[in-house]
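Everything on this sheet refers to the single structure shown next.
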Amino acid sequence: MDDLPAAAFRRADESPDELFYRQPRFVTHIDAGAIAAVTGLYREFLPPGGRILDLMSSWISHLPPEVPYAQVVGLGLNHEELAANDRLSAFVVQNLNTSAGLPFGDGSFDAAGLTVSIDYLTDPVAVLRDLGRVLVPGGPVVITFSNRCFPTKAVAVWHGLDDHGHLTLVRRYLEAAGNWTDIQTLDRSPRRGGRPSGDPLFAVVGRAAGPDA
Ligand SMILES: C[S@@+](CC[C@H](N)C(=O)[O-])C[C@H]1O[C@@H](n2cnc3c(N)ncnc32)[C@H](O)[C@@H]1O
């Protein structure tokens, strides 16, 4: 993101993220309709039986309950939340804003999800570039977000944009990473009677281009 100044990725709270996430939060960050939309996207894009990486994970992964996966690995900041997540077969506690490199080998996963958290990354391009390395070529990442956040921990550029701007920004993160293809932006906001209902839900989906990208 050479066209954005460093200030775009500052936060109101620049204290170490480990402090903010030290207390577990056994809450949901979006409402039931938006969670159902995330689960629907996972049903659509994540291969059943695959090895799944849940990036910026907590106590809940939103994966379709009826679908078995070979492995689900979570990476997040709160040990208690990750330990309570019954979909995870393993987890790692790591601050992606101080260590953007993922502790996994090339092609270790078939797909990844990153739910309502992309706005907290101070170097999202570095994280997404390394995510492209740890996925098999063609493996999808499903990045979802709503219009809610922990405001002091979201980067400045996020606060300056509306929902459409967020979709464009996240698409640009994947393009800037340089190793993603087939990038789509989706509005999966729940509707009732043709009208928006509850928390909106947006997604950017890309596929890892592989080592020759
Ligand atoms: C709003 S919660 C979303 C959690 C989960 N993905 C969900 O859908 O419920 C934000 C998550 O991002 C993780 N997180 C925030 N900052 C992080 C960082 N610097 N490095 C790694 N994970 C981080 C936190 O541990 C927390 O679980």
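Order determines the names: the first chain of the structure tokens is A, the second B, and so forth; residues in each chain are numbered 1 upward, and ligands are numbered 1 upward as they are shown.
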Exercise. Using only C-alpha atoms and all ligand atoms, what are the residues with an atom within 6 Å of ligand 1, set out as a ChimeraX atom specification?
Worked result: /A:17,28-29,56-58,60,76-78,94-97,115-117,120
For this session: List the neighbours of stretch 48-54 of chain A out to 8 Å using only C-alpha atoms; skip same-chain residues closer than 2 positions along the sequence, and give me the result as a list in words.
Result: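 Contacts, in chain order: Leu46, Met56, Ser57, Ser61, Val67, Pro68, Tyr69, Ala70, Gln71, Val72, Val73, Gly74, Leu75, Ser108, Phe109, Asp110, Ala111, Ala112, Gly113 and Leu114 of chain A.
Of note, atom CA of A:Lys153 and atom CA of A:Phe91 are spaced 22.6 Å apart.
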Exercise. Counting only C-alpha atoms, which of A:Met1, A:Pro24, A:Glu66, A:Val93 gets nearest to A:Val170?
Worked result: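 Looking at the shortest contact to A:Val170, the residue is A:Met1.
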For this session: Between A:Asp3, A:Gly160, A:Pro64, A:Arg171, single out the one closest to A:Phe45, counting only C-alpha atoms.
Result: A:Pro64
Exercise. Could you write out, as a ChimeraX atom specification, all the residues of stretch 34-183 of chain A that DSSP marks as alpha helix (DSSP H)?
Worked result: /A:34-45,79-83,124-134,156-159,163-177
Problem set entry | Residue with smallest distance to A:Leu82 - pool A:Ile118, A:Leu19, A:Leu41, A:Leu55, counting only C-alpha atoms | A:Leu55
For this session: Quick one: everything within 8 Å of A:Leu102, counting only C-alpha atoms, minus sequence neighbours fewer than 4 positions away in the same chain. Send it as number ranges by chain.
Result: A: 127, 130-131, 134
Problem set entry | Test item, strand (DSSP E or B) assignment across stretch 49-172 of chain A, answer as a ChimeraX atom specification | /A:51-55,71-76,90-93,109,111-115,135,140-145
Problem set entry | Nearest to A:Leu4, chosen from A:Val142, A:Leu128, A:Ala176, A:Val205, with only C-alpha atoms counted in the distances |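 Checking each of A:Val142, A:Leu128, A:Ala176, A:Val205 against A:Leu4, counting only C-alpha atoms, the winner is A:Ala176.
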Problem set entry | Given only C-alpha atoms as the counted atoms, nearest of A:Asp119, A:Asp13, A:Asp187, A:Asp199 to A:Leu161 |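 Looking at the shortest contact to A:Leu161, the residue is A:Asp119.
One distance worth recording is that between atom CA of A:Glu81 and atom CA of A:Ala36, which is 20.5 Å.
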Exercise. With distances taken over only C-alpha atoms, which of A:Ile143, A:Val38, A:Ala12, A:Ala6 is nearest to A:Pro200?
Worked result: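 Ranked by minimum distance to A:Pro200, first place goes to A:Val38.
The interatomic distance for the pair atom CA of A:Asp162 and atom CA of A:Arg192 works out to 22.2 Å.
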For this session: Excluding A:Arg10 and residues on its chain fewer than 2 positions from it, collect all residues at most 6 Å away from it, counting only C-alpha atoms, and give them as a ChimeraX atom specification.
Result: /A:7-8,155-156
Could you save the residues just selected, with C-alpha atoms, as a PDB file, in the first residue's frame?
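File written: selection-v3.pdb
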ATOM      1  CA  ALA A   7      -0.541   7.281   9.525  1.00  0.00           C
ATOM      2  CA  ALA A   8      -3.265   5.299   7.745  1.00  0.00           C
ATOM      3  CA  VAL A 155      -6.546   1.360  11.910  1.00  0.00           C
ATOM      4  CA  ALA A 156      -7.188   4.976  10.921  1.00  0.00           C
TER       5      ALA A 156
END
Exercise. Hey, what's within 8 Å of stretch 165-169 of chain A if we count only C-alpha atoms and toss same-chain stuff fewer than 4 positions away? As a ChimeraX atom specification, please?
Worked result: /A:158,161,173,185,202-204
Write the selection just made, keeping C-alpha atoms, as a PDB file, in the first residue's frame?
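Output saved as part18.pdb:
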ATOM      1  CA  TRP A 158     -10.780   1.933   8.293  1.00  0.00           C
ATOM      2  CA  LEU A 161     -14.256   4.685   4.880  1.00  0.00           C
ATOM      3  CA  TYR A 173      -4.749  -5.359   0.318  1.00  0.00           C
ATOM      4  CA  THR A 185     -16.123  -8.552  -3.278  1.00  0.00           C
ATOM      5  CA  PHE A 202     -19.362  -8.089   3.603  1.00  0.00           C
ATOM      6  CA  ALA A 203     -16.693 -10.410   2.229  1.00  0.00           C
ATOM      7  CA  VAL A 204     -13.617 -10.305   0.079  1.00  0.00           C
TER       8      VAL A 204
END
Problem set entry | Distance query A:Thr39 at most 9 Å, only C-alpha atoms, self and fewer than 3 positions along chain excluded, as a ChimeraX atom specification | /A:34-36,42-44,61-65
Now that the selection is made, can you save its residues with C-alpha atoms as a PDB file, in the first residue's frame?
ATOM      1  CA  ALA A  34     -24.399 -11.964  10.162  1.00  0.00           C
ATOM      2  CA  ILE A  35     -22.827 -15.072  11.722  1.00  0.00           C
ATOM      3  CA  ALA A  36     -25.128 -17.206   9.560  1.00  0.00           C
ATOM      4  CA  TYR A  42     -17.561 -20.915   4.613  1.00  0.00           C
ATOM      5  CA  ARG A  43     -19.955 -23.610   3.353  1.00  0.00           C
ATOM      6  CA  GLU A  44     -19.599 -22.149  -0.141  1.00  0.00           C
ATOM      7  CA  SER A  61     -15.070 -20.142  14.390  1.00  0.00           C
ATOM      8  CA  HIS A  62     -18.421 -19.872  12.566  1.00  0.00           C
ATOM      9  CA  LEU A  63     -17.638 -23.002  10.508  1.00  0.00           C
ATOM     10  CA  PRO A  64     -20.647 -25.028   9.322  1.00  0.00           C
ATOM     11  CA  PRO A  65     -21.327 -27.504  12.132  1.00  0.00           C
TER      12      PRO A  65
END
